[in-house]
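> Enclosed is the structure file data.cif (mmCIF, C-alpha atoms).
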data_my_file
#
loop_
_atom_site.label_atom_id
_atom_site.label_comp_id
_atom_site.auth_asym_id
_atom_site.auth_seq_id
_atom_site.Cartn_x
_atom_site.Cartn_y
_atom_site.Cartn_z
CA GLU A 451 212.98 2.96 24.38
CA LEU A 452 210.50 5.57 25.59
CA LEU A 453 208.92 3.17 28.09
CA GLU A 454 212.33 2.74 29.73
CA LEU A 455 212.79 6.54 29.82
CA LEU A 456 209.39 6.88 31.47
CA VAL A 457 210.19 4.28 34.11
CA ARG A 458 213.53 5.97 34.82
CA TYR A 459 212.09 9.46 35.20
CA LEU A 460 208.77 8.70 36.89
CA GLY A 461 210.43 7.35 40.02
CA ALA A 462 209.78 4.10 41.81
CA PRO A 463 206.20 2.83 41.88
CA PRO A 464 203.69 3.11 43.24
CA ARG A 465 203.26 6.63 41.93
CA ARG A 466 200.03 8.21 40.72
CA ILE A 467 200.44 8.89 36.99
CA VAL A 468 198.04 10.73 34.67
CA ASP A 469 198.60 10.03 30.98
CA ILE A 470 197.21 13.08 29.17
CA GLY A 471 196.09 12.15 25.68
CA CYS A 472 196.63 8.47 26.43
CA GLY A 473 195.02 7.18 23.23
CA LEU A 474 194.40 3.44 23.54
CA GLY A 475 196.44 3.20 26.74
CA TRP A 476 199.53 1.36 25.50
CA TYR A 477 201.79 2.98 28.10
CA GLY A 478 199.11 2.50 30.74
CA GLY A 479 199.09 -1.27 30.40
CA HIS A 480 202.87 -1.39 30.70
CA LEU A 481 203.08 1.06 33.60
CA LEU A 482 200.27 -0.70 35.53
CA ALA A 483 202.14 -4.01 35.06
CA ARG A 484 205.20 -2.38 36.61
CA GLY A 485 203.28 -1.25 39.69
CA PHE A 486 202.39 2.35 38.81
CA ASP A 487 198.95 3.76 39.64
CA TRP A 488 198.17 4.87 36.05
CA HIS A 489 195.10 6.82 34.92
CA GLY A 490 194.39 7.81 31.33
CA ALA A 491 192.89 11.13 30.22
CA GLU A 492 191.56 11.04 26.66
CA MET A 493 189.33 13.19 24.41
CA LYS A 494 188.38 10.70 21.69
CA ALA A 495 185.19 8.74 22.37
CA GLY A 496 186.40 5.72 20.39
CA ASP A 497 189.64 5.56 22.35
CA CYS A 498 187.71 5.85 25.63
CA ALA A 499 185.50 2.94 24.56
CA ALA A 500 188.61 0.88 23.83
CA LEU A 501 190.12 1.86 27.19
CA ALA A 502 186.91 0.76 28.94
CA ALA A 503 186.87 -2.53 27.01
CA ALA A 504 190.48 -3.14 28.06
CA GLY A 505 189.62 -2.36 31.69
CA LEU A 506 192.05 0.57 31.83
CA PRO A 507 191.18 3.37 34.27
CA HIS A 508 190.49 6.60 32.43
CA THR A 509 188.54 9.83 32.30
CA ARG A 510 187.13 11.37 29.15
CA ILE A 511 188.25 14.98 28.88
CA ASP A 512 187.00 17.79 26.66
CA GLY A 513 190.31 19.55 25.98
CA SER A 514 189.44 22.67 27.97
CA GLY A 515 191.20 21.50 31.13
CA LEU A 516 191.72 18.49 33.31
CA PRO A 517 188.85 17.51 35.66
CA PHE A 518 191.17 16.61 38.54
CA PRO A 519 192.02 18.47 41.75
CA ASP A 520 195.30 20.30 42.23
CA ALA A 521 198.23 17.90 42.86
CA ALA A 522 196.01 14.86 42.26
CA PHE A 523 198.95 13.01 40.66
CA ASP A 524 202.64 12.53 41.36
CA ALA A 525 203.48 12.81 37.67
CA ALA A 526 201.92 13.51 34.29
CA ILE A 527 202.97 12.08 30.96
CA ALA A 528 202.01 13.33 27.50
CA ILE A 529 203.37 11.17 24.71
CA GLU A 530 203.17 12.67 21.21
CA VAL A 531 200.37 15.03 22.28
CA LEU A 532 201.80 18.54 22.61
CA GLU A 533 202.32 18.96 18.87
CA HIS A 534 198.51 18.61 18.44
CA VAL A 535 197.53 21.17 21.11
CA ARG A 536 196.31 24.62 20.04
CA GLU A 537 197.49 26.30 23.26
CA PRO A 538 200.63 24.52 24.49
CA ASP A 539 201.25 27.02 27.30
CA ALA A 540 197.77 26.39 28.74
CA PHE A 541 198.28 22.64 28.34
CA ILE A 542 201.54 22.72 30.31
CA ARG A 543 200.01 24.98 32.97
CA GLU A 544 197.17 22.48 33.47
CA ALA A 545 199.58 19.51 33.62
CA ALA A 546 201.63 21.40 36.22
CA ARG A 547 198.49 22.05 38.25
CA VAL A 548 197.42 18.40 38.50
CA ALA A 549 200.97 16.93 38.66
CA PRO A 550 203.30 19.62 40.05
CA GLN A 551 206.14 17.24 40.87
CA THR A 552 206.94 15.80 37.44
CA LEU A 553 205.94 16.00 33.79
CA VAL A 554 207.48 13.68 31.19
CA LEU A 555 206.60 14.24 27.57
CA SER A 556 207.61 13.34 24.06
CA VAL A 557 207.23 15.27 20.80
CA PRO A 558 208.50 14.88 17.24
CA ASN A 559 211.96 16.40 16.80
CA ALA A 560 211.69 19.31 14.35
CA GLU A 561 215.49 19.71 14.39
CA LEU A 562 216.00 16.77 12.08
CA LEU A 563 213.89 18.21 9.25
CA ALA A 564 216.65 20.44 7.92
CA TYR A 565 219.11 17.53 7.83
CA LEU A 566 216.67 15.13 6.21
CA SER A 567 215.66 17.58 3.48
CA ALA A 568 219.01 16.97 1.77
CA HIS A 569 217.95 13.30 1.50
CA ARG A 570 214.42 14.31 0.43
CA VAL A 571 213.04 12.54 3.50
CA VAL A 572 210.36 13.79 5.90
CA PRO A 573 209.18 11.65 8.81
CA TRP A 574 205.51 10.80 8.18
CA HIS A 575 204.49 11.89 11.67
CA MET A 576 205.60 15.46 10.91
CA LEU A 577 203.11 15.64 8.04
CA GLU A 578 199.97 14.99 10.07
CA ALA A 579 197.45 17.73 9.29
CA ASP A 580 196.56 18.32 12.93
CA HIS A 581 200.07 19.27 14.05
CA CYS A 582 199.93 22.82 15.40
CA ASN A 583 203.39 23.00 16.98
CA PHE A 584 206.90 21.98 16.01
CA PHE A 585 209.56 21.76 18.70
CA THR A 586 213.31 21.91 18.90
CA ARG A 587 215.19 21.21 22.10
CA ALA A 588 215.47 24.95 22.76
CA SER A 589 211.80 25.78 22.13
CA LEU A 590 210.55 22.85 24.19
CA GLU A 591 212.82 23.77 27.08
CA ALA A 592 211.72 27.42 26.94
CA LEU A 593 208.05 26.42 27.07
CA LEU A 594 208.58 24.13 30.06
CA ARG A 595 210.78 26.59 31.98
CA GLY A 596 207.80 28.91 32.15
CA HIS A 597 206.08 26.37 34.41
CA TYR A 598 208.74 24.15 36.01
CA ARG A 599 212.00 24.92 37.85
CA ASP A 600 214.02 21.96 36.56
CA VAL A 601 213.89 20.93 32.91
CA GLU A 602 215.88 18.33 31.00
CA VAL A 603 215.40 17.79 27.26
CA GLY A 604 216.93 14.92 25.32
CA VAL A 605 216.53 12.84 22.18
CA TYR A 606 215.58 9.23 21.47
CA ALA A 607 214.66 6.94 18.57
CA GLN A 608 217.74 7.26 16.38
CA HIS A 609 217.12 7.77 12.66
CA PRO A 610 219.20 5.62 10.27
CA LEU A 611 220.44 8.69 8.36
CA ARG A 612 223.10 11.03 9.78
CA THR A 613 224.17 14.61 9.28
CA PRO A 614 226.88 15.24 6.63
CA GLU A 615 229.35 15.35 9.55
CA GLY A 616 228.19 11.93 10.77
CA THR A 617 226.18 13.11 13.79
CA ALA A 618 223.25 10.90 14.79
CA LEU A 619 219.73 12.20 14.20
CA HIS A 620 216.71 11.31 16.32
CA TYR A 621 212.99 11.20 15.53
CA HIS A 622 211.80 12.39 18.94
CA LEU A 623 212.52 14.73 21.81
CA TYR A 624 211.67 13.85 25.39
CA ALA A 625 211.48 16.28 28.27
CA VAL A 626 211.41 15.84 32.00
CA ALA A 627 210.13 18.84 33.95
CA ARG A 628 210.09 18.90 37.74
CA HIS A 629 208.82 21.18 40.50
CA ALA A 630 206.07 23.37 39.11
CA ARG A 631 206.36 27.09 39.84
#
Could you show the structure in this file as structure tokens?

Amino acid sequence: ELLELLVRYLGAPPRRIVDIGCGLGWYGGHLLARGFDWHGAEMKAGDCAALAAAGLPHTRIDGSGLPFPDAAFDAAIAIEVLEHVREPDAFIREAARVAPQTLVLSVPNAELLAYLSAHRVVPWHMLEADHCNFFTRASLEALLRGHYRDVEVGVYAQHPLRTPEGTALHYHLYAVARHAR
């Protein structure tokens, strides 16, 4: 589901994409196969070794910034990364610097926690010890509006449980931010 959202919002290939916090490069393999010029940016040495073994283009980063020139990419993606970042504002500022046209990201949806508590359910991903940030649609939009002119925030990955009123719940938020300030 998210791969299709990425393809929709990244624009037609070939486009230069930096995947910040790319992990093992799952999205990279799929985006390269669809004609995108994908490049991973990853902190973990083990993940970088796996990226190299898979032949995926990448740069090891140290978390203090991105070692790329201004506007080096047409778009940046950050999938399930922002919740782990100590300084989300600095992270977004750096993404906007290297990819001022478009940023597409995904984070866990903190809005569903209140609804799931009645069922005594918490999504496992929310419990990870290294989560520093929890986002709702409003807080994610506010963060991005500080750096981009146009921001759209939505939901994906429907949860099987619903609100007492029957409204669908979703595990994740996605955001598309365009035109850095």
> Written as a list of chain:residue names, which residues does the PyMOL selection byres ((chain A and resi 524-540) around 6) give for the file shown?
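Here the PyMOL selection byres ((chain A and resi 524-540) around 6) matches A:Arg465, A:Arg466, A:Ile467, A:Val468, A:Asp469, A:Ile470, A:Phe523, A:Phe541, A:Ile542, A:Arg543, A:Ala549, A:Gln551, A:Thr552, A:Leu553, A:Val554, A:Leu555, A:Ser556, A:Val557, A:Asp580, A:His581, A:Cys582, A:Asn583.
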> Counting all atoms listed in the file, which of A:Trp476, A:Phe518, A:Phe585, A:Trp488 gets nearest to Ala504 in chain A?
A:Trp476
> Quick one: of A:Met576, A:Val571, A:Leu593, A:Ile511, who's nearest to Asp497 in chain A, counting all atoms listed in the file?
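That would be A:Ile511, the residue with the smallest distance to Asp497 in chain A.
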> Hey, can you check how far CA of Pro550 in chain A sits from CA of Asp520 in chain A?
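CA of Asp520 in chain A lies 8.3 Å from CA of Pro550 in chain A.
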> Would you mind telling me which residue in A:Ala500, A:Leu482, A:Leu594, A:Ala491 lies nearest to Asp512 in chain A when using only C-alpha atoms?
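Among the listed residues, A:Ala491 lies closest to Asp512 in chain A.
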> Rounded to one decimal in Å, what is the spacing between CA of Arg631 in chain A and CA of Pro519 in chain A?
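Between CA of Arg631 in chain A and CA of Pro519 in chain A the gap works out to 16.8 Å.
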> Given the PyMOL selection byres ((chain A and resi 606) around 6) and the file above, list the residues it selects as a list of chain:residue names.
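Checking the PyMOL selection byres ((chain A and resi 606) around 6) against this file, the residues are A:Val605, A:Ala607, A:Gln608, A:His620, A:His622.
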> Between A:Gly478, A:Ala560, A:Ala483, A:Pro614, which residue has the minimum interatomic distance to Ser589 in chain A, considering only C-alpha atoms?
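The closest residue to Ser589 in chain A is A:Ala560.
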> Hey, which of A:Arg628, A:Arg612, A:His569, A:His489 ends up closest to Gly471 in chain A? Count all atoms listed in the file.
A:His489
> (214.1, 18.6, 32.8) in this file's frame - what residues fall within 7 Å of it? Use only C-alpha atoms and give the answer as a list of chain:residue names.
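Within the cut-off we find A:Asp600, A:Val601, A:Glu602, A:Val603, A:Ala625, A:Val626, A:Ala627, A:Arg628.
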> Rank nothing, just name the residue among A:Val572, A:Ala521, A:Leu501, A:Leu563 nearest to Gly475 in chain A, using only C-alpha atoms.
A:Leu501
> Grab the CA of Glu492 in chain A to CA of Gly473 in chain A distance for me, in Å with one decimal place.
6.2 Å
> Show me, as an mmCIF file with C-alpha atoms, in the frame of the given file, the residues that have an atom within 12 Å of Thr617 in chain A when counting only C-alpha atoms, minus same-chain residues fewer than 5 positions from it.

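Now in part-v9.cif:
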data_model
loop_
_atom_site.group_PDB
_atom_site.id
_atom_site.type_symbol
_atom_site.label_atom_id
_atom_site.label_comp_id
_atom_site.auth_asym_id
_atom_site.auth_seq_id
_atom_site.Cartn_x
_atom_site.Cartn_y
_atom_site.Cartn_z
ATOM 1 C CA LEU A 562 216.000 16.770 12.080
ATOM 2 C CA TYR A 565 219.110 17.530 7.830
ATOM 3 C CA GLN A 608 217.740 7.260 16.380
ATOM 4 C CA HIS A 609 217.120 7.770 12.660
ATOM 5 C CA PRO A 610 219.200 5.620 10.270
ATOM 6 C CA LEU A 611 220.440 8.690 8.360
ATOM 7 C CA ARG A 612 223.100 11.030 9.780
#
> Which polymer residues have any atom within 8 Å of an atom of Pro464 in chain A, counting all atoms listed in the file, with same-chain residues fewer than 3 positions away left out, as a count of residues only?
3
> Quick test: take range 584-610 of chain A, keep N, CA and C atoms, and write it as a PDB file, in the first residue's frame.

ATOM      1  N   PHE A 584       5.889  10.926  18.790  1.00  0.00           N
ATOM      2  CA  PHE A 584       4.606  10.306  18.470  1.00  0.00           C
ATOM      3  C   PHE A 584       3.794  11.360  17.738  1.00  0.00           C
ATOM      4  N   PHE A 585       3.263  11.003  16.583  1.00  0.00           N
ATOM      5  CA  PHE A 585       2.615  11.981  15.720  1.00  0.00           C
ATOM      6  C   PHE A 585       1.140  11.698  15.500  1.00  0.00           C
ATOM      7  N   THR A 586       0.383  12.779  15.490  1.00  0.00           N
ATOM      8  CA  THR A 586      -0.996  12.771  15.004  1.00  0.00           C
ATOM      9  C   THR A 586      -0.971  13.490  13.663  1.00  0.00           C
ATOM     10  N   ARG A 587      -2.080  13.467  12.964  1.00  0.00           N
ATOM     11  CA  ARG A 587      -2.126  14.203  11.698  1.00  0.00           C
ATOM     12  C   ARG A 587      -1.796  15.670  11.913  1.00  0.00           C
ATOM     13  N   ALA A 588      -2.357  16.269  12.955  1.00  0.00           N
ATOM     14  CA  ALA A 588      -2.138  17.696  13.210  1.00  0.00           C
ATOM     15  C   ALA A 588      -0.681  18.001  13.562  1.00  0.00           C
ATOM     16  N   SER A 589      -0.069  17.197  14.421  1.00  0.00           N
ATOM     17  CA  SER A 589       1.319  17.495  14.816  1.00  0.00           C
ATOM     18  C   SER A 589       2.296  17.262  13.669  1.00  0.00           C
ATOM     19  N   LEU A 590       2.052  16.251  12.857  1.00  0.00           N
ATOM     20  CA  LEU A 590       2.914  15.996  11.706  1.00  0.00           C
ATOM     21  C   LEU A 590       2.789  17.128  10.689  1.00  0.00           C
ATOM     22  N   GLU A 591       1.584  17.557  10.431  1.00  0.00           N
ATOM     23  CA  GLU A 591       1.375  18.658   9.497  1.00  0.00           C
ATOM     24  C   GLU A 591       2.044  19.939  10.001  1.00  0.00           C
ATOM     25  N   ALA A 592       1.915  20.226  11.280  1.00  0.00           N
ATOM     26  CA  ALA A 592       2.525  21.437  11.847  1.00  0.00           C
ATOM     27  C   ALA A 592       4.045  21.406  11.701  1.00  0.00           C
ATOM     28  N   LEU A 593       4.651  20.269  11.961  1.00  0.00           N
ATOM     29  CA  LEU A 593       6.096  20.135  11.806  1.00  0.00           C
ATOM     30  C   LEU A 593       6.516  20.409  10.359  1.00  0.00           C
ATOM     31  N   LEU A 594       5.821  19.801   9.420  1.00  0.00           N
ATOM     32  CA  LEU A 594       6.188  19.933   8.010  1.00  0.00           C
ATOM     33  C   LEU A 594       5.924  21.331   7.464  1.00  0.00           C
ATOM     34  N   ARG A 595       4.868  21.983   7.931  1.00  0.00           N
ATOM     35  CA  ARG A 595       4.549  23.337   7.449  1.00  0.00           C
ATOM     36  C   ARG A 595       5.626  24.353   7.820  1.00  0.00           C
ATOM     37  N   GLY A 596       6.440  24.041   8.794  1.00  0.00           N
ATOM     38  CA  GLY A 596       7.551  24.909   9.125  1.00  0.00           C
ATOM     39  C   GLY A 596       8.650  24.907   8.072  1.00  0.00           C
ATOM     40  N   HIS A 597       8.598  23.929   7.150  1.00  0.00           N
ATOM     41  CA  HIS A 597       9.662  23.768   6.156  1.00  0.00           C
ATOM     42  C   HIS A 597       9.170  23.701   4.715  1.00  0.00           C
ATOM     43  N   TYR A 598       7.914  23.357   4.517  1.00  0.00           N
ATOM     44  CA  TYR A 598       7.370  23.191   3.167  1.00  0.00           C
ATOM     45  C   TYR A 598       6.078  23.996   3.021  1.00  0.00           C
ATOM     46  N   ARG A 599       5.835  24.509   1.815  1.00  0.00           N
ATOM     47  CA  ARG A 599       4.629  25.307   1.552  1.00  0.00           C
ATOM     48  C   ARG A 599       3.365  24.461   1.481  1.00  0.00           C
ATOM     49  N   ASP A 600       3.451  23.319   0.807  1.00  0.00           N
ATOM     50  CA  ASP A 600       2.280  22.468   0.594  1.00  0.00           C
ATOM     51  C   ASP A 600       2.456  21.169   1.358  1.00  0.00           C
ATOM     52  N   VAL A 601       1.481  20.844   2.192  1.00  0.00           N
ATOM     53  CA  VAL A 601       1.563  19.624   3.000  1.00  0.00           C
ATOM     54  C   VAL A 601       0.225  18.899   2.941  1.00  0.00           C
ATOM     55  N   GLU A 602       0.295  17.602   2.705  1.00  0.00           N
ATOM     56  CA  GLU A 602      -0.884  16.732   2.754  1.00  0.00           C
ATOM     57  C   GLU A 602      -0.565  15.583   3.701  1.00  0.00           C
ATOM     58  N   VAL A 603      -1.453  15.304   4.631  1.00  0.00           N
ATOM     59  CA  VAL A 603      -1.269  14.199   5.565  1.00  0.00           C
ATOM     60  C   VAL A 603      -2.468  13.270   5.436  1.00  0.00           C
ATOM     61  N   GLY A 604      -2.211  11.989   5.380  1.00  0.00           N
ATOM     62  CA  GLY A 604      -3.281  11.000   5.271  1.00  0.00           C
ATOM     63  C   GLY A 604      -2.958   9.762   6.086  1.00  0.00           C
ATOM     64  N   VAL A 605      -3.804   8.769   5.969  1.00  0.00           N
ATOM     65  CA  VAL A 605      -3.655   7.521   6.718  1.00  0.00           C
ATOM     66  C   VAL A 605      -3.597   6.347   5.745  1.00  0.00           C
ATOM     67  N   TYR A 606      -2.987   5.254   6.215  1.00  0.00           N
ATOM     68  CA  TYR A 606      -3.001   4.007   5.435  1.00  0.00           C
ATOM     69  C   TYR A 606      -2.826   2.842   6.396  1.00  0.00           C
ATOM     70  N   ALA A 607      -2.941   1.646   5.892  1.00  0.00           N
ATOM     71  CA  ALA A 607      -2.822   0.405   6.658  1.00  0.00           C
ATOM     72  C   ALA A 607      -3.944   0.303   7.695  1.00  0.00           C
ATOM     73  N   GLN A 608      -5.123   0.013   7.212  1.00  0.00           N
ATOM     74  CA  GLN A 608      -6.303  -0.053   8.081  1.00  0.00           C
ATOM     75  C   GLN A 608      -6.169  -1.153   9.127  1.00  0.00           C
ATOM     76  N   HIS A 609      -6.519  -0.804  10.357  1.00  0.00           N
ATOM     77  CA  HIS A 609      -6.523  -1.735  11.490  1.00  0.00           C
ATOM     78  C   HIS A 609      -7.857  -2.496  11.460  1.00  0.00           C
ATOM     79  N   PRO A 610      -7.880  -3.755  11.892  1.00  0.00           N
ATOM     80  CA  PRO A 610      -9.149  -4.496  11.868  1.00  0.00           C
ATOM     81  C   PRO A 610     -10.189  -3.993  12.875  1.00  0.00           C
TER      82      PRO A 610
END
